[in-house]
Amino acid sequence: MRVPIVDLVDHPGETRAIEREVDVAEFGTAPWGPVVERVLDPVRLDLHLDAVVEGILVRGTLGFSLQVTCARCLTTVRDDLEVSVTELYTDPARREEGEEDDPGYELLDDRTAVDLSTLARDAVMIDLPVRVLCRPDCQGLCPTCGADRNLGDCGHAQTPEPDPRWAALAELDVPPA
Ligand SMILES: [Zn+2]
Ligand SMILES: [Zn+2]
């Protein structure tokens with residue numbers, strides 16, 4: 001999602017607010033992360049763009065509504081996320097010698113725009129646990145029949161029966177070597 005900054009660049013001290021809702025598609029179509037199935041429209045932006053000597057400082061909050069997959073029962077649950085962000089978009093013209101560039105966080109198009117896509121994508125990953133549960137006490141799926149144990153007792157024991165082949169092995173009386 002590109003935002004024009006012609007009114008800000010080279011005017012340190014100038015600031016502009018961005019308060020609006022945008023479609024997820026504005027941030028590109030690549031997957032969002034391992035547990036994120038989908039990000040729902042809209043993404044809520046409440047940002048300030050500050051012109052500083054080094055470039056443009058973007059700060060504020062991003063609001064997302066995510067569809068995430070429960071690690072235990074694999075159902076999809078909705079997770080609303082408000083993430084605080086502060087990122088400096090550097091001006092390539094002012095970069096110090098030997099300074100690393102930070103892909104996604106630089107002024108583009110001849111210093112007339114910034115792209116908020118990397119910012120939004122990084123923000124989702126910062127606050128998202130690697131493993132999401134639909135609820136803390138999710139019972140998960142039955143390893144025997146695959147039933148969702150949150151919906152009721154399928155009749156199988158909580159712990160799966162040991163594989164009969166291993167059970168037979170366990171009965172062998174192996175003399176110590
Ligand atoms: Zn679950
Ligand atoms: Zn079962």
# chains A, B, ... in the order shown; residues from 1 in each chain; ligands from 1
call {"tool": "select_by_dssp", "arguments": {"residues": "stretch 7-151 of chain A", "states": "alpha helix (DSSP H)", "output": "list in words"}}
result
Ser117, Thr118, Leu119, Ala120, Arg121, Asp122, Ala123, Val124, Met125, Ile126 and Asp127 of chain A
call {"tool": "write_last_selection", "arguments": {"atoms": "N, CA, C and O atoms", "output": "PDB file, in the first residue's frame"}}
result
ATOM      1  N   SER A 117       3.193  -1.929   3.162  1.00  0.00           N
ATOM      2  CA  SER A 117       2.914  -3.374   3.128  1.00  0.00           C
ATOM      3  C   SER A 117       3.794  -4.161   4.089  1.00  0.00           C
ATOM      4  O   SER A 117       3.308  -4.995   4.855  1.00  0.00           O
ATOM      5  N   THR A 118       5.106  -3.908   4.068  1.00  0.00           N
ATOM      6  CA  THR A 118       6.015  -4.631   4.960  1.00  0.00           C
ATOM      7  C   THR A 118       5.690  -4.312   6.412  1.00  0.00           C
ATOM      8  O   THR A 118       5.680  -5.199   7.272  1.00  0.00           O
ATOM      9  N   LEU A 119       5.391  -3.057   6.680  1.00  0.00           N
ATOM     10  CA  LEU A 119       5.014  -2.634   8.028  1.00  0.00           C
ATOM     11  C   LEU A 119       3.814  -3.427   8.537  1.00  0.00           C
ATOM     12  O   LEU A 119       3.818  -3.967   9.639  1.00  0.00           O
ATOM     13  N   ALA A 120       2.775  -3.520   7.695  1.00  0.00           N
ATOM     14  CA  ALA A 120       1.557  -4.225   8.097  1.00  0.00           C
ATOM     15  C   ALA A 120       1.832  -5.710   8.318  1.00  0.00           C
ATOM     16  O   ALA A 120       1.386  -6.306   9.307  1.00  0.00           O
ATOM     17  N   ARG A 121       2.598  -6.302   7.428  1.00  0.00           N
ATOM     18  CA  ARG A 121       2.884  -7.738   7.519  1.00  0.00           C
ATOM     19  C   ARG A 121       3.759  -8.054   8.734  1.00  0.00           C
ATOM     20  O   ARG A 121       3.538  -9.040   9.432  1.00  0.00           O
ATOM     21  N   ASP A 122       4.737  -7.208   8.993  1.00  0.00           N
ATOM     22  CA  ASP A 122       5.571  -7.408  10.180  1.00  0.00           C
ATOM     23  C   ASP A 122       4.735  -7.239  11.449  1.00  0.00           C
ATOM     24  O   ASP A 122       4.916  -7.962  12.422  1.00  0.00           O
ATOM     25  N   ALA A 123       3.814  -6.279  11.433  1.00  0.00           N
ATOM     26  CA  ALA A 123       2.999  -5.997  12.618  1.00  0.00           C
ATOM     27  C   ALA A 123       2.161  -7.212  13.002  1.00  0.00           C
ATOM     28  O   ALA A 123       2.038  -7.543  14.184  1.00  0.00           O
ATOM     29  N   VAL A 124       1.600  -7.895  12.025  1.00  0.00           N
ATOM     30  CA  VAL A 124       0.787  -9.084  12.318  1.00  0.00           C
ATOM     31  C   VAL A 124       1.640 -10.135  13.007  1.00  0.00           C
ATOM     32  O   VAL A 124       1.241 -10.737  13.997  1.00  0.00           O
ATOM     33  N   MET A 125       2.858 -10.333  12.524  1.00  0.00           N
ATOM     34  CA  MET A 125       3.704 -11.396  13.067  1.00  0.00           C
ATOM     35  C   MET A 125       4.243 -11.076  14.458  1.00  0.00           C
ATOM     36  O   MET A 125       4.475 -11.976  15.251  1.00  0.00           O
ATOM     37  N   ILE A 126       4.426  -9.793  14.756  1.00  0.00           N
ATOM     38  CA  ILE A 126       4.986  -9.405  16.056  1.00  0.00           C
ATOM     39  C   ILE A 126       4.101  -9.896  17.194  1.00  0.00           C
ATOM     40  O   ILE A 126       4.585 -10.448  18.181  1.00  0.00           O
ATOM     41  N   ASP A 127       2.802  -9.710  17.057  1.00  0.00           N
ATOM     42  CA  ASP A 127       1.909  -9.983  18.181  1.00  0.00           C
ATOM     43  C   ASP A 127       1.279 -11.363  18.145  1.00  0.00           C
ATOM     44  O   ASP A 127       0.564 -11.738  19.058  1.00  0.00           O
TER      45      ASP A 127
END
call {"tool": "closest_atom_pairs", "arguments": {"of": "chain A", "to": "ligand 1", "cutoff": "6 Å", "atoms": "only C-alpha atoms and all ligand atoms", "output": "Markdown table"}}
result
| residue | atom | partner | partner_atom_place_in_ligand_line | distance |
| --- | --- | --- | --- | --- |
| A:Cys70 | CA | ligand 1 | 1 (Zn) | 4.6 |
| A:Arg72 | CA | ligand 1 | 1 (Zn) | 5.0 |
| A:Cys73 | CA | ligand 1 | 1 (Zn) | 4.0 |
| A:Thr75 | CA | ligand 1 | 1 (Zn) | 6.0 |
| A:Leu133 | CA | ligand 1 | 1 (Zn) | 5.3 |
| A:Cys134 | CA | ligand 1 | 1 (Zn) | 4.3 |
| A:Cys138 | CA | ligand 1 | 1 (Zn) | 4.6 |
| A:Gly140 | CA | ligand 1 | 1 (Zn) | 5.6 |
call {"tool": "write_last_selection", "arguments": {"atoms": "C-alpha atoms", "output": "PDB file, in the first residue's frame"}}
result
ATOM      1  CA  CYS A  70      -6.439 -23.605  16.312  1.00  0.00           C
ATOM      2  CA  ARG A  72      -5.325 -28.493  18.548  1.00  0.00           C
ATOM      3  CA  CYS A  73      -8.714 -28.817  16.850  1.00  0.00           C
ATOM      4  CA  THR A  75     -11.102 -24.934  13.622  1.00  0.00           C
ATOM      5  CA  LEU A 133      -5.650 -22.088  20.479  1.00  0.00           C
ATOM      6  CA  CYS A 134      -9.365 -21.438  19.940  1.00  0.00           C
ATOM      7  CA  CYS A 138      -9.404 -26.721  23.777  1.00  0.00           C
ATOM      8  CA  GLY A 140      -8.415 -31.018  20.392  1.00  0.00           C
TER       9      GLY A 140
END
call {"tool": "residues_near_ligand", "arguments": {"ligand": "ligand 2", "cutoff": "7 Å", "atoms": "only C-alpha atoms and all ligand atoms", "output": "PyMOL selection string"}}
result
chain A and resi 142-147+154-156
call {"tool": "residues_around", "arguments": {"residues": "A:Leu128", "least_positions_apart": "3", "cutoff": "12 Å", "atoms": "only C-alpha atoms", "output": "VMD selection string"}}
result
chain A and resid 32 to 36 64 to 69 79 to 83 121 to 125 131 to 133
call {"tool": "residues_around", "arguments": {"residues": "A:Leu107", "least_positions_apart": "4", "cutoff": "8 Å", "atoms": "only C-alpha atoms", "output": "VMD selection string"}}
result
chain A and resid 55 to 56 89 to 92 111 to 115
call {"tool": "write_last_selection", "arguments": {"atoms": "C-alpha atoms", "output": "mmCIF file, in the first residue's frame"}}
result
data_model
loop_
_atom_site.group_PDB
_atom_site.id
_atom_site.type_symbol
_atom_site.label_atom_id
_atom_site.label_comp_id
_atom_site.auth_asym_id
_atom_site.auth_seq_id
_atom_site.Cartn_x
_atom_site.Cartn_y
_atom_site.Cartn_z
ATOM 1 C CA GLY A 55 13.314 10.133 6.266
ATOM 2 C CA ILE A 56 9.732 9.514 7.387
ATOM 3 C CA TYR A 89 11.453 4.841 6.506
ATOM 4 C CA THR A 90 14.909 5.937 5.509
ATOM 5 C CA ASP A 91 15.752 8.336 2.752
ATOM 6 C CA PRO A 92 18.269 6.577 0.476
ATOM 7 C CA ARG A 111 11.382 9.908 -2.537
ATOM 8 C CA THR A 112 7.706 10.546 -3.204
ATOM 9 C CA ALA A 113 6.093 7.553 -1.482
ATOM 10 C CA VAL A 114 6.363 4.952 1.262
ATOM 11 C CA ASP A 115 4.946 1.455 1.074
#
call {"tool": "atom_distance", "arguments": {"atom1": "atom CA of A:Ala93", "atom2": "atom CA of A:Ala51"}}
result
14.5 Å
call {"tool": "select_by_dssp", "arguments": {"residues": "stretch 32-160 of chain A", "states": "strand (DSSP E or B)", "output": "PyMOL selection string"}}
result
chain A and resi 36-52+55-69+76-90+106+108+113-115+141+148
call {"tool": "atom_distance", "arguments": {"atom1": "atom CA of A:Glu26", "atom2": "atom CA of A:Val43"}}
result
9.4 Å
call {"tool": "residues_around", "arguments": {"residues": "A:Arg16", "least_positions_apart": "3", "cutoff": "9 Å", "atoms": "only C-alpha atoms", "output": "list in words"}}
result
Asp7, Leu8, Leu47, His48, Leu49, Asp50 and Ala51 of chain A
call {"tool": "write_last_selection", "arguments": {"atoms": "C-alpha atoms", "output": "CSV table (one decimal), in the first residue's frame"}}
result
chain,number,residue,atom,x,y,z
A,7,ASP,CA,4.2,17.1,1.1
A,8,LEU,CA,6.5,15.7,3.9
A,47,LEU,CA,-1.0,6.4,11.8
A,48,HIS,CA,1.1,9.6,11.9
A,49,LEU,CA,3.7,10.2,9.3
A,50,ASP,CA,6.4,12.5,10.7
A,51,ALA,CA,9.0,14.1,8.4
call {"tool": "closest_residue", "arguments": {"among": "A:Leu57, A:Val130, A:Val39, A:Ala71", "to": "A:Ile5", "atoms": "only C-alpha atoms"}}
result
A:Leu57
call {"tool": "residues_around", "arguments": {"residues": "A:Thr61", "least_positions_apart": "4", "cutoff": "6 Å", "atoms": "only C-alpha atoms", "output": "number ranges by chain"}}
result
A: 46, 83-85
call {"tool": "atom_distance", "arguments": {"atom1": "atom CA of A:Pro129", "atom2": "atom CA of A:Ile18"}}
result
27.9 Å
